[in-house]
Amino acid sequence: EIKAGDTITLTVRRNNAEKDLTIVTGTKDDGSAMIGVYIDPTFDMPVDITISIDGIGGPSAGTMFALGIIDKMTKDDEANGVVIAGTGTMDVSGDVGAIGGIRQKLEGARRDGATWFLAPESNCDEVVGHIPDGLHVASIATLHEAREAMTAIGAGKGSTLATCSAG
């Protein structure tokens, strides 16, 4: 019964308190009414974190920043001295997302001494056939998988990891 452009009232519960919100409905492509919700999660971090990002632009370092923070907060050196490079966006749920320019990042990682590279699973089609000699690639889709890969590589068990493959 609601038409595009109608004013409606929604009741929202936040922190166990209810609040009525008045909004105007939008218009879908077919002319019917719609509403949208934008979720803006906030987090109270249990520790203060400061990251220096001079010369880094864009979100593609998210996964490696997250791993770096984990590394600083744990006493073990999970990588055991192995030079591991990687890339991938990081969302609030820990999912690793695709990035641009992965072929160049593979080359740069090898040039700078990395022997392993953590690649977003969603970029695997761009990785296959473009891995520099001497660089091994592990395919990751989540922060949890990235940390497990880092630990496996440090333990000398990198050959057990999923990699990017054709198909």
# chains A, B, ... in the order shown; residues from 1 in each chain; ligands from 1
>>> residues_around(residues="segment 77-94 of chain A", least_positions_apart="4", cutoff="7 Å", atoms="only C-alpha atoms", output="PDB file with all heavy atoms, in the first residue's frame")
ATOM      1  N   PRO A  59      42.990   0.840  -0.402  1.00  0.00           N
ATOM      2  CA  PRO A  59      42.681  -0.146   0.629  1.00  0.00           C
ATOM      3  C   PRO A  59      43.383  -1.497   0.478  1.00  0.00           C
ATOM      4  O   PRO A  59      43.176  -2.393   1.281  1.00  0.00           O
ATOM      5  CB  PRO A  59      41.169  -0.329   0.450  1.00  0.00           C
ATOM      6  CG  PRO A  59      40.968  -0.144  -1.024  1.00  0.00           C
ATOM      7  CD  PRO A  59      41.948   0.948  -1.416  1.00  0.00           C
ATOM      8  N   SER A  60      44.253  -1.652  -0.525  1.00  0.00           N
ATOM      9  CA  SER A  60      44.779  -2.987  -0.814  1.00  0.00           C
ATOM     10  C   SER A  60      45.759  -3.518   0.229  1.00  0.00           C
ATOM     11  O   SER A  60      46.105  -4.687   0.207  1.00  0.00           O
ATOM     12  CB  SER A  60      45.417  -3.032  -2.199  1.00  0.00           C
ATOM     13  OG  SER A  60      46.517  -2.165  -2.283  1.00  0.00           O
ATOM     14  N   ALA A  61      46.204  -2.703   1.155  1.00  0.00           N
ATOM     15  CA  ALA A  61      47.114  -3.178   2.204  1.00  0.00           C
ATOM     16  C   ALA A  61      46.362  -3.649   3.445  1.00  0.00           C
ATOM     17  O   ALA A  61      46.983  -4.029   4.432  1.00  0.00           O
ATOM     18  CB  ALA A  61      48.097  -2.071   2.585  1.00  0.00           C
ATOM     19  N   GLY A  62      45.048  -3.654   3.406  1.00  0.00           N
ATOM     20  CA  GLY A  62      44.249  -4.000   4.579  1.00  0.00           C
ATOM     21  C   GLY A  62      44.601  -5.335   5.202  1.00  0.00           C
ATOM     22  O   GLY A  62      44.751  -5.444   6.424  1.00  0.00           O
ATOM     23  N   THR A  63      44.740  -6.362   4.390  1.00  0.00           N
ATOM     24  CA  THR A  63      45.045  -7.689   4.921  1.00  0.00           C
ATOM     25  C   THR A  63      46.411  -7.716   5.583  1.00  0.00           C
ATOM     26  O   THR A  63      46.578  -8.253   6.683  1.00  0.00           O
ATOM     27  CB  THR A  63      44.976  -8.741   3.801  1.00  0.00           C
ATOM     28  OG1 THR A  63      43.637  -8.788   3.297  1.00  0.00           O
ATOM     29  CG2 THR A  63      45.364 -10.127   4.306  1.00  0.00           C
ATOM     30  N   MET A  64      47.400  -7.114   4.943  1.00  0.00           N
ATOM     31  CA  MET A  64      48.752  -7.136   5.500  1.00  0.00           C
ATOM     32  C   MET A  64      48.846  -6.259   6.748  1.00  0.00           C
ATOM     33  O   MET A  64      49.569  -6.601   7.686  1.00  0.00           O
ATOM     34  CB  MET A  64      49.774  -6.745   4.442  1.00  0.00           C
ATOM     35  CG  MET A  64      49.790  -7.702   3.248  1.00  0.00           C
ATOM     36  SD  MET A  64      49.837  -9.472   3.670  1.00  0.00           S
ATOM     37  CE  MET A  64      51.529  -9.644   4.204  1.00  0.00           C
ATOM     38  N   ASP A  71      50.570  -9.780  14.444  1.00  0.00           N
ATOM     39  CA  ASP A  71      51.953 -10.145  14.739  1.00  0.00           C
ATOM     40  C   ASP A  71      52.486  -9.357  15.934  1.00  0.00           C
ATOM     41  O   ASP A  71      53.164  -9.910  16.804  1.00  0.00           O
ATOM     42  CB  ASP A  71      52.829  -9.914  13.509  1.00  0.00           C
ATOM     43  CG  ASP A  71      54.268 -10.349  13.734  1.00  0.00           C
ATOM     44  OD1 ASP A  71      54.477 -11.516  14.134  1.00  0.00           O
ATOM     45  OD2 ASP A  71      55.170  -9.528  13.510  1.00  0.00           O
ATOM     46  N   ALA A  98      39.259  -8.403  -3.437  1.00  0.00           N
ATOM     47  CA  ALA A  98      40.114  -8.239  -4.615  1.00  0.00           C
ATOM     48  C   ALA A  98      40.734  -6.848  -4.661  1.00  0.00           C
ATOM     49  O   ALA A  98      40.201  -5.889  -4.112  1.00  0.00           O
ATOM     50  CB  ALA A  98      39.295  -8.482  -5.882  1.00  0.00           C
ATOM     51  N   ILE A  99      41.862  -6.775  -5.351  1.00  0.00           N
ATOM     52  CA  ILE A  99      42.580  -5.512  -5.524  1.00  0.00           C
ATOM     53  C   ILE A  99      42.960  -5.372  -6.990  1.00  0.00           C
ATOM     54  O   ILE A  99      42.852  -6.312  -7.767  1.00  0.00           O
ATOM     55  CB  ILE A  99      43.840  -5.446  -4.623  1.00  0.00           C
ATOM     56  CG1 ILE A  99      44.762  -6.666  -4.825  1.00  0.00           C
ATOM     57  CG2 ILE A  99      43.435  -5.394  -3.167  1.00  0.00           C
ATOM     58  CD1 ILE A  99      45.727  -6.548  -5.944  1.00  0.00           C
ATOM     59  N   ALA A 109      56.953  -7.881  -5.015  1.00  0.00           N
ATOM     60  CA  ALA A 109      57.213  -8.712  -3.836  1.00  0.00           C
ATOM     61  C   ALA A 109      58.458  -9.565  -4.059  1.00  0.00           C
ATOM     62  O   ALA A 109      59.332  -9.656  -3.194  1.00  0.00           O
ATOM     63  CB  ALA A 109      56.002  -9.590  -3.534  1.00  0.00           C
ATOM     64  N   GLY A 113      62.440  -9.476  -2.229  1.00  0.00           N
ATOM     65  CA  GLY A 113      62.922 -10.591  -1.422  1.00  0.00           C
ATOM     66  C   GLY A 113      61.887 -11.535  -0.851  1.00  0.00           C
ATOM     67  O   GLY A 113      62.237 -12.460  -0.116  1.00  0.00           O
ATOM     68  N   ALA A 114      60.621 -11.337  -1.166  1.00  0.00           N
ATOM     69  CA  ALA A 114      59.600 -12.256  -0.651  1.00  0.00           C
ATOM     70  C   ALA A 114      59.709 -13.602  -1.360  1.00  0.00           C
ATOM     71  O   ALA A 114      60.007 -13.671  -2.553  1.00  0.00           O
ATOM     72  CB  ALA A 114      58.203 -11.677  -0.855  1.00  0.00           C
ATOM     73  N   THR A 115      59.467 -14.664  -0.602  1.00  0.00           N
ATOM     74  CA  THR A 115      59.403 -15.999  -1.195  1.00  0.00           C
ATOM     75  C   THR A 115      57.968 -16.517  -1.203  1.00  0.00           C
ATOM     76  O   THR A 115      57.666 -17.494  -1.878  1.00  0.00           O
ATOM     77  CB  THR A 115      60.303 -16.987  -0.428  1.00  0.00           C
ATOM     78  OG1 THR A 115      59.942 -16.977   0.951  1.00  0.00           O
ATOM     79  CG2 THR A 115      61.766 -16.610  -0.600  1.00  0.00           C
ATOM     80  N   TRP A 116      57.096 -15.851  -0.446  1.00  0.00           N
ATOM     81  CA  TRP A 116      55.681 -16.204  -0.397  1.00  0.00           C
ATOM     82  C   TRP A 116      54.829 -14.951  -0.597  1.00  0.00           C
ATOM     83  O   TRP A 116      55.221 -13.861  -0.188  1.00  0.00           O
ATOM     84  CB  TRP A 116      55.316 -16.837   0.950  1.00  0.00           C
ATOM     85  CG  TRP A 116      55.670 -18.284   0.994  1.00  0.00           C
ATOM     86  CD1 TRP A 116      56.836 -18.835   1.437  1.00  0.00           C
ATOM     87  CD2 TRP A 116      54.843 -19.362   0.562  1.00  0.00           C
ATOM     88  NE1 TRP A 116      56.791 -20.195   1.303  1.00  0.00           N
ATOM     89  CE2 TRP A 116      55.571 -20.547   0.769  1.00  0.00           C
ATOM     90  CE3 TRP A 116      53.561 -19.443   0.016  1.00  0.00           C
ATOM     91  CZ2 TRP A 116      55.073 -21.798   0.468  1.00  0.00           C
ATOM     92  CZ3 TRP A 116      53.057 -20.690  -0.288  1.00  0.00           C
ATOM     93  CH2 TRP A 116      53.808 -21.853  -0.071  1.00  0.00           C
ATOM     94  N   PHE A 117      53.653 -15.155  -1.183  1.00  0.00           N
ATOM     95  CA  PHE A 117      52.717 -14.060  -1.430  1.00  0.00           C
ATOM     96  C   PHE A 117      51.319 -14.546  -1.099  1.00  0.00           C
ATOM     97  O   PHE A 117      50.884 -15.599  -1.591  1.00  0.00           O
ATOM     98  CB  PHE A 117      52.780 -13.634  -2.904  1.00  0.00           C
ATOM     99  CG  PHE A 117      52.068 -12.342  -3.187  1.00  0.00           C
ATOM    100  CD1 PHE A 117      52.752 -11.134  -3.164  1.00  0.00           C
ATOM    101  CD2 PHE A 117      50.711 -12.328  -3.492  1.00  0.00           C
ATOM    102  CE1 PHE A 117      52.102  -9.937  -3.430  1.00  0.00           C
ATOM    103  CE2 PHE A 117      50.045 -11.138  -3.754  1.00  0.00           C
ATOM    104  CZ  PHE A 117      50.749  -9.941  -3.728  1.00  0.00           C
ATOM    105  N   LEU A 118      50.599 -13.797  -0.266  1.00  0.00           N
ATOM    106  CA  LEU A 118      49.204 -14.105   0.063  1.00  0.00           C
ATOM    107  C   LEU A 118      48.316 -13.313  -0.888  1.00  0.00           C
ATOM    108  O   LEU A 118      48.316 -12.085  -0.859  1.00  0.00           O
ATOM    109  CB  LEU A 118      48.908 -13.731   1.512  1.00  0.00           C
ATOM    110  CG  LEU A 118      49.834 -14.341   2.568  1.00  0.00           C
ATOM    111  CD1 LEU A 118      49.408 -13.897   3.969  1.00  0.00           C
ATOM    112  CD2 LEU A 118      49.862 -15.853   2.461  1.00  0.00           C
ATOM    113  N   ALA A 119      47.576 -14.025  -1.738  1.00  0.00           N
ATOM    114  CA  ALA A 119      46.755 -13.392  -2.778  1.00  0.00           C
ATOM    115  C   ALA A 119      45.272 -13.605  -2.494  1.00  0.00           C
ATOM    116  O   ALA A 119      44.862 -14.709  -2.130  1.00  0.00           O
ATOM    117  CB  ALA A 119      47.092 -13.973  -4.148  1.00  0.00           C
ATOM    118  N   PRO A 120      44.470 -12.553  -2.677  1.00  0.00           N
ATOM    119  CA  PRO A 120      43.022 -12.743  -2.525  1.00  0.00           C
ATOM    120  C   PRO A 120      42.514 -13.808  -3.498  1.00  0.00           C
ATOM    121  O   PRO A 120      42.850 -13.799  -4.680  1.00  0.00           O
ATOM    122  CB  PRO A 120      42.439 -11.372  -2.892  1.00  0.00           C
ATOM    123  CG  PRO A 120      43.560 -10.412  -2.679  1.00  0.00           C
ATOM    124  CD  PRO A 120      44.810 -11.170  -3.026  1.00  0.00           C
ATOM    125  N   THR A 142      39.926 -15.030   3.757  1.00  0.00           N
ATOM    126  CA  THR A 142      39.595 -14.426   5.043  1.00  0.00           C
ATOM    127  C   THR A 142      40.874 -14.117   5.822  1.00  0.00           C
ATOM    128  O   THR A 142      41.936 -14.683   5.541  1.00  0.00           O
ATOM    129  CB  THR A 142      38.728 -15.356   5.917  1.00  0.00           C
ATOM    130  OG1 THR A 142      39.501 -16.509   6.263  1.00  0.00           O
ATOM    131  CG2 THR A 142      37.444 -15.764   5.204  1.00  0.00           C
ATOM    132  N   LEU A 143      40.755 -13.252   6.821  1.00  0.00           N
ATOM    133  CA  LEU A 143      41.885 -12.963   7.691  1.00  0.00           C
ATOM    134  C   LEU A 143      42.325 -14.226   8.418  1.00  0.00           C
ATOM    135  O   LEU A 143      43.520 -14.469   8.595  1.00  0.00           O
ATOM    136  CB  LEU A 143      41.517 -11.857   8.689  1.00  0.00           C
ATOM    137  CG  LEU A 143      42.598 -11.463   9.691  1.00  0.00           C
ATOM    138  CD1 LEU A 143      43.875 -10.995   8.991  1.00  0.00           C
ATOM    139  CD2 LEU A 143      42.068 -10.389  10.624  1.00  0.00           C
ATOM    140  N   MET A 150      50.177 -17.803   7.066  1.00  0.00           N
ATOM    141  CA  MET A 150      51.415 -17.249   7.597  1.00  0.00           C
ATOM    142  C   MET A 150      52.057 -18.236   8.576  1.00  0.00           C
ATOM    143  O   MET A 150      53.273 -18.481   8.526  1.00  0.00           O
ATOM    144  CB  MET A 150      51.134 -15.915   8.288  1.00  0.00           C
ATOM    145  CG  MET A 150      52.352 -15.231   8.840  1.00  0.00           C
ATOM    146  SD  MET A 150      51.984 -13.612   9.563  1.00  0.00           S
ATOM    147  CE  MET A 150      50.943 -14.072  10.952  1.00  0.00           C
ATOM    148  N   THR A 151      51.265 -18.848   9.425  1.00  0.00           N
ATOM    149  CA  THR A 151      51.766 -19.815  10.400  1.00  0.00           C
ATOM    150  C   THR A 151      52.291 -21.064   9.710  1.00  0.00           C
ATOM    151  O   THR A 151      53.356 -21.581  10.068  1.00  0.00           O
ATOM    152  CB  THR A 151      50.657 -20.158  11.414  1.00  0.00           C
ATOM    153  OG1 THR A 151      50.236 -18.949  12.053  1.00  0.00           O
ATOM    154  CG2 THR A 151      51.147 -21.130  12.462  1.00  0.00           C
ATOM    155  N   ILE A 153      53.424 -21.323   6.627  1.00  0.00           N
ATOM    156  CA  ILE A 153      54.648 -20.962   5.913  1.00  0.00           C
ATOM    157  C   ILE A 153      55.818 -20.909   6.894  1.00  0.00           C
ATOM    158  O   ILE A 153      56.894 -21.464   6.638  1.00  0.00           O
ATOM    159  CB  ILE A 153      54.477 -19.620   5.170  1.00  0.00           C
ATOM    160  CG1 ILE A 153      53.477 -19.786   4.019  1.00  0.00           C
ATOM    161  CG2 ILE A 153      55.822 -19.105   4.658  1.00  0.00           C
ATOM    162  CD1 ILE A 153      52.944 -18.479   3.456  1.00  0.00           C
ATOM    163  N   GLY A 154      55.623 -20.281   8.036  1.00  0.00           N
ATOM    164  CA  GLY A 154      56.666 -20.180   9.048  1.00  0.00           C
ATOM    165  C   GLY A 154      57.074 -21.530   9.609  1.00  0.00           C
ATOM    166  O   GLY A 154      58.217 -21.718  10.026  1.00  0.00           O
TER     167      GLY A 154
END
>>> residues_around(residues="Met34 of chain A", least_positions_apart="6", cutoff="7 Å", atoms="only C-alpha atoms", output="PDB file with N, CA and C atoms, in the first residue's frame")
ATOM      1  N   ALA A   4       5.951   5.103  -3.665  1.00  0.00           N
ATOM      2  CA  ALA A   4       7.204   5.849  -3.697  1.00  0.00           C
ATOM      3  C   ALA A   4       6.928   7.303  -3.335  1.00  0.00           C
ATOM      4  N   THR A  25      10.039   7.336   1.455  1.00  0.00           N
ATOM      5  CA  THR A  25      10.453   6.201   0.637  1.00  0.00           C
ATOM      6  C   THR A  25      11.035   6.664  -0.693  1.00  0.00           C
ATOM      7  N   GLY A  26      11.951   5.853  -1.206  1.00  0.00           N
ATOM      8  CA  GLY A  26      12.545   6.109  -2.507  1.00  0.00           C
ATOM      9  C   GLY A  26      11.780   5.378  -3.595  1.00  0.00           C
ATOM     10  N   THR A  27      12.290   5.464  -4.811  1.00  0.00           N
ATOM     11  CA  THR A  27      11.624   4.845  -5.954  1.00  0.00           C
ATOM     12  C   THR A  27      12.533   3.805  -6.591  1.00  0.00           C
ATOM     13  N   LYS A  28      12.026   2.577  -6.709  1.00  0.00           N
ATOM     14  CA  LYS A  28      12.751   1.520  -7.410  1.00  0.00           C
ATOM     15  C   LYS A  28      12.594   1.724  -8.911  1.00  0.00           C
TER      16      LYS A  28
END
>>> select_by_dssp(residues="segment 5-127 of chain A", states="helix (DSSP H, G or I)", output="JSON, numbers by chain")
{"A": [62, 63, 64, 65, 66, 67, 68, 69, 70, 71, 72, 73, 102, 103, 104, 105, 106, 107, 108, 109, 110, 111, 121, 122, 123, 124, 125, 126, 127]}
>>> closest_atom_pairs(of="segment 37-128 of chain A", to="segment 160-165 of chain A", cutoff="8 Å", atoms="only C-alpha atoms", output="JSON lines")
{"residue": "A:Glu121", "atom": "CA", "partner": "A:Cys164", "partner_atom": "CA", "distance": 7.2}
{"residue": "A:Cys124", "atom": "CA", "partner": "A:Cys164", "partner_atom": "CA", "distance": 5.0}
{"residue": "A:Asp125", "atom": "CA", "partner": "A:Cys164", "partner_atom": "CA", "distance": 7.5}
{"residue": "A:Val127", "atom": "CA", "partner": "A:Cys164", "partner_atom": "CA", "distance": 6.8}
{"residue": "A:Val128", "atom": "CA", "partner": "A:Ser165", "partner_atom": "CA", "distance": 5.9}
>>> write_last_selection(atoms="all heavy atoms", output="JSON list (two decimals), in the first residue's frame")
[["chain", "number", "residue", "atom", "x", "y", "z"],
["A", 121, "GLU", "N", 41.72, -14.72, -2.98],
["A", 121, "GLU", "CA", 41.13, -15.77, -3.81],
["A", 121, "GLU", "C", 40.42, -15.17, -5.02],
["A", 121, "GLU", "O", 40.47, -15.72, -6.12],
["A", 121, "GLU", "CB", 40.15, -16.56, -2.94],
["A", 121, "GLU", "CG", 39.48, -17.72, -3.62],
["A", 121, "GLU", "CD", 38.54, -18.41, -2.65],
["A", 121, "GLU", "OE1", 37.45, -17.86, -2.38],
["A", 121, "GLU", "OE2", 38.91, -19.50, -2.17],
["A", 124, "CYS", "N", 42.63, -14.69, -8.12],
["A", 124, "CYS", "CA", 43.38, -15.84, -8.63],
["A", 124, "CYS", "C", 43.41, -15.92, -10.16],
["A", 124, "CYS", "O", 44.42, -16.33, -10.73],
["A", 124, "CYS", "CB", 42.85, -17.14, -8.03],
["A", 124, "CYS", "SG", 43.59, -17.50, -6.41],
["A", 125, "ASP", "N", 42.33, -15.52, -10.81],
["A", 125, "ASP", "CA", 42.33, -15.58, -12.28],
["A", 125, "ASP", "C", 43.42, -14.69, -12.88],
["A", 125, "ASP", "O", 43.91, -14.97, -13.98],
["A", 125, "ASP", "CB", 40.96, -15.22, -12.84],
["A", 125, "ASP", "CG", 40.51, -13.82, -12.46],
["A", 125, "ASP", "OD1", 40.94, -13.30, -11.40],
["A", 125, "ASP", "OD2", 39.71, -13.22, -13.21],
["A", 127, "VAL", "N", 46.35, -14.14, -11.30],
["A", 127, "VAL", "CA", 47.62, -14.63, -10.78],
["A", 127, "VAL", "C", 48.16, -15.79, -11.62],
["A", 127, "VAL", "O", 49.35, -15.84, -11.92],
["A", 127, "VAL", "CB", 47.46, -15.07, -9.29],
["A", 127, "VAL", "CG1", 48.70, -15.80, -8.80],
["A", 127, "VAL", "CG2", 47.15, -13.87, -8.42],
["A", 128, "VAL", "N", 47.26, -16.70, -12.00],
["A", 128, "VAL", "CA", 47.67, -17.89, -12.74],
["A", 128, "VAL", "C", 48.45, -17.51, -13.99],
["A", 128, "VAL", "O", 48.02, -16.68, -14.79],
["A", 128, "VAL", "CB", 46.44, -18.76, -13.11],
["A", 128, "VAL", "CG1", 46.85, -19.93, -13.99],
["A", 128, "VAL", "CG2", 45.75, -19.25, -11.85]]
>>> select_by_dssp(residues="segment 14-78 of chain A", states="strand (DSSP E or B)", output="list of chain:residue names")
A:Arg14, A:Ala17, A:Glu18, A:Lys19, A:Asp20, A:Leu21, A:Thr22, A:Ile23, A:Val24, A:Gly26, A:Thr27, A:Ser32, A:Ala33, A:Met34
>>> write_last_selection(atoms="N, CA, C and O atoms", output="compact mmCIF listing (two decimals), in the first residue's frame")
# COMPACT_ATOMS: atom_id res chain seq x y z
N ARG A 14 17.84 0.33 19.41
CA ARG A 14 19.28 0.47 19.54
C ARG A 14 19.61 0.54 21.01
O ARG A 14 19.03 1.34 21.75
N ALA A 17 16.78 0.43 23.49
CA ALA A 17 15.82 1.54 23.52
C ALA A 17 15.20 1.67 22.13
O ALA A 17 15.89 1.54 21.12
N GLU A 18 13.91 1.90 22.09
CA GLU A 18 13.21 2.07 20.82
C GLU A 18 13.10 3.54 20.46
O GLU A 18 12.91 4.38 21.34
N LYS A 19 13.19 3.81 19.14
CA LYS A 19 13.08 5.18 18.65
C LYS A 19 12.32 5.13 17.33
O LYS A 19 12.58 4.29 16.48
N ASP A 20 11.36 6.04 17.15
CA ASP A 20 10.63 6.14 15.89
C ASP A 20 11.37 7.07 14.94
O ASP A 20 11.78 8.16 15.33
N LEU A 21 11.55 6.62 13.72
CA LEU A 21 12.21 7.41 12.68
C LEU A 21 11.24 7.64 11.54
O LEU A 21 10.61 6.71 11.05
N THR A 22 11.12 8.88 11.09
CA THR A 22 10.26 9.21 9.97
C THR A 22 11.13 9.38 8.74
O THR A 22 12.11 10.13 8.75
N ILE A 23 10.80 8.63 7.67
CA ILE A 23 11.58 8.70 6.43
C ILE A 23 10.64 8.78 5.23
O ILE A 23 9.46 8.45 5.31
N VAL A 24 11.19 9.23 4.12
CA VAL A 24 10.45 9.28 2.86
C VAL A 24 10.96 8.13 2.00
O VAL A 24 12.17 7.97 1.83
N GLY A 26 11.95 5.85 -1.21
CA GLY A 26 12.54 6.11 -2.51
C GLY A 26 11.78 5.38 -3.59
O GLY A 26 10.75 4.74 -3.34
N THR A 27 12.29 5.46 -4.81
CA THR A 27 11.62 4.84 -5.95
C THR A 27 12.53 3.81 -6.59
O THR A 27 13.65 4.10 -6.97
N SER A 32 7.96 1.20 -7.81
CA SER A 32 7.45 0.88 -6.48
C SER A 32 8.34 1.53 -5.41
O SER A 32 9.43 2.02 -5.69
N ALA A 33 7.82 1.52 -4.18
CA ALA A 33 8.52 2.16 -3.07
C ALA A 33 9.66 1.29 -2.56
O ALA A 33 9.61 0.06 -2.64
N MET A 34 10.68 1.96 -2.01
CA MET A 34 11.76 1.23 -1.36
C MET A 34 12.35 2.10 -0.25
O MET A 34 12.17 3.31 -0.23
>>> residues_around(residues="segment 129-134 of chain A", least_positions_apart="3", cutoff="8 Å", atoms="only C-alpha atoms", output="list in words")
Arg103, Leu106, Glu107, Arg110, Thr115, Glu126 and Val137 of chain A
>>> closest_residue(among="A:Ile56, A:Val37, A:Val12, A:Ile69", to="Arg147 of chain A", atoms="only C-alpha atoms")
A:Ile69
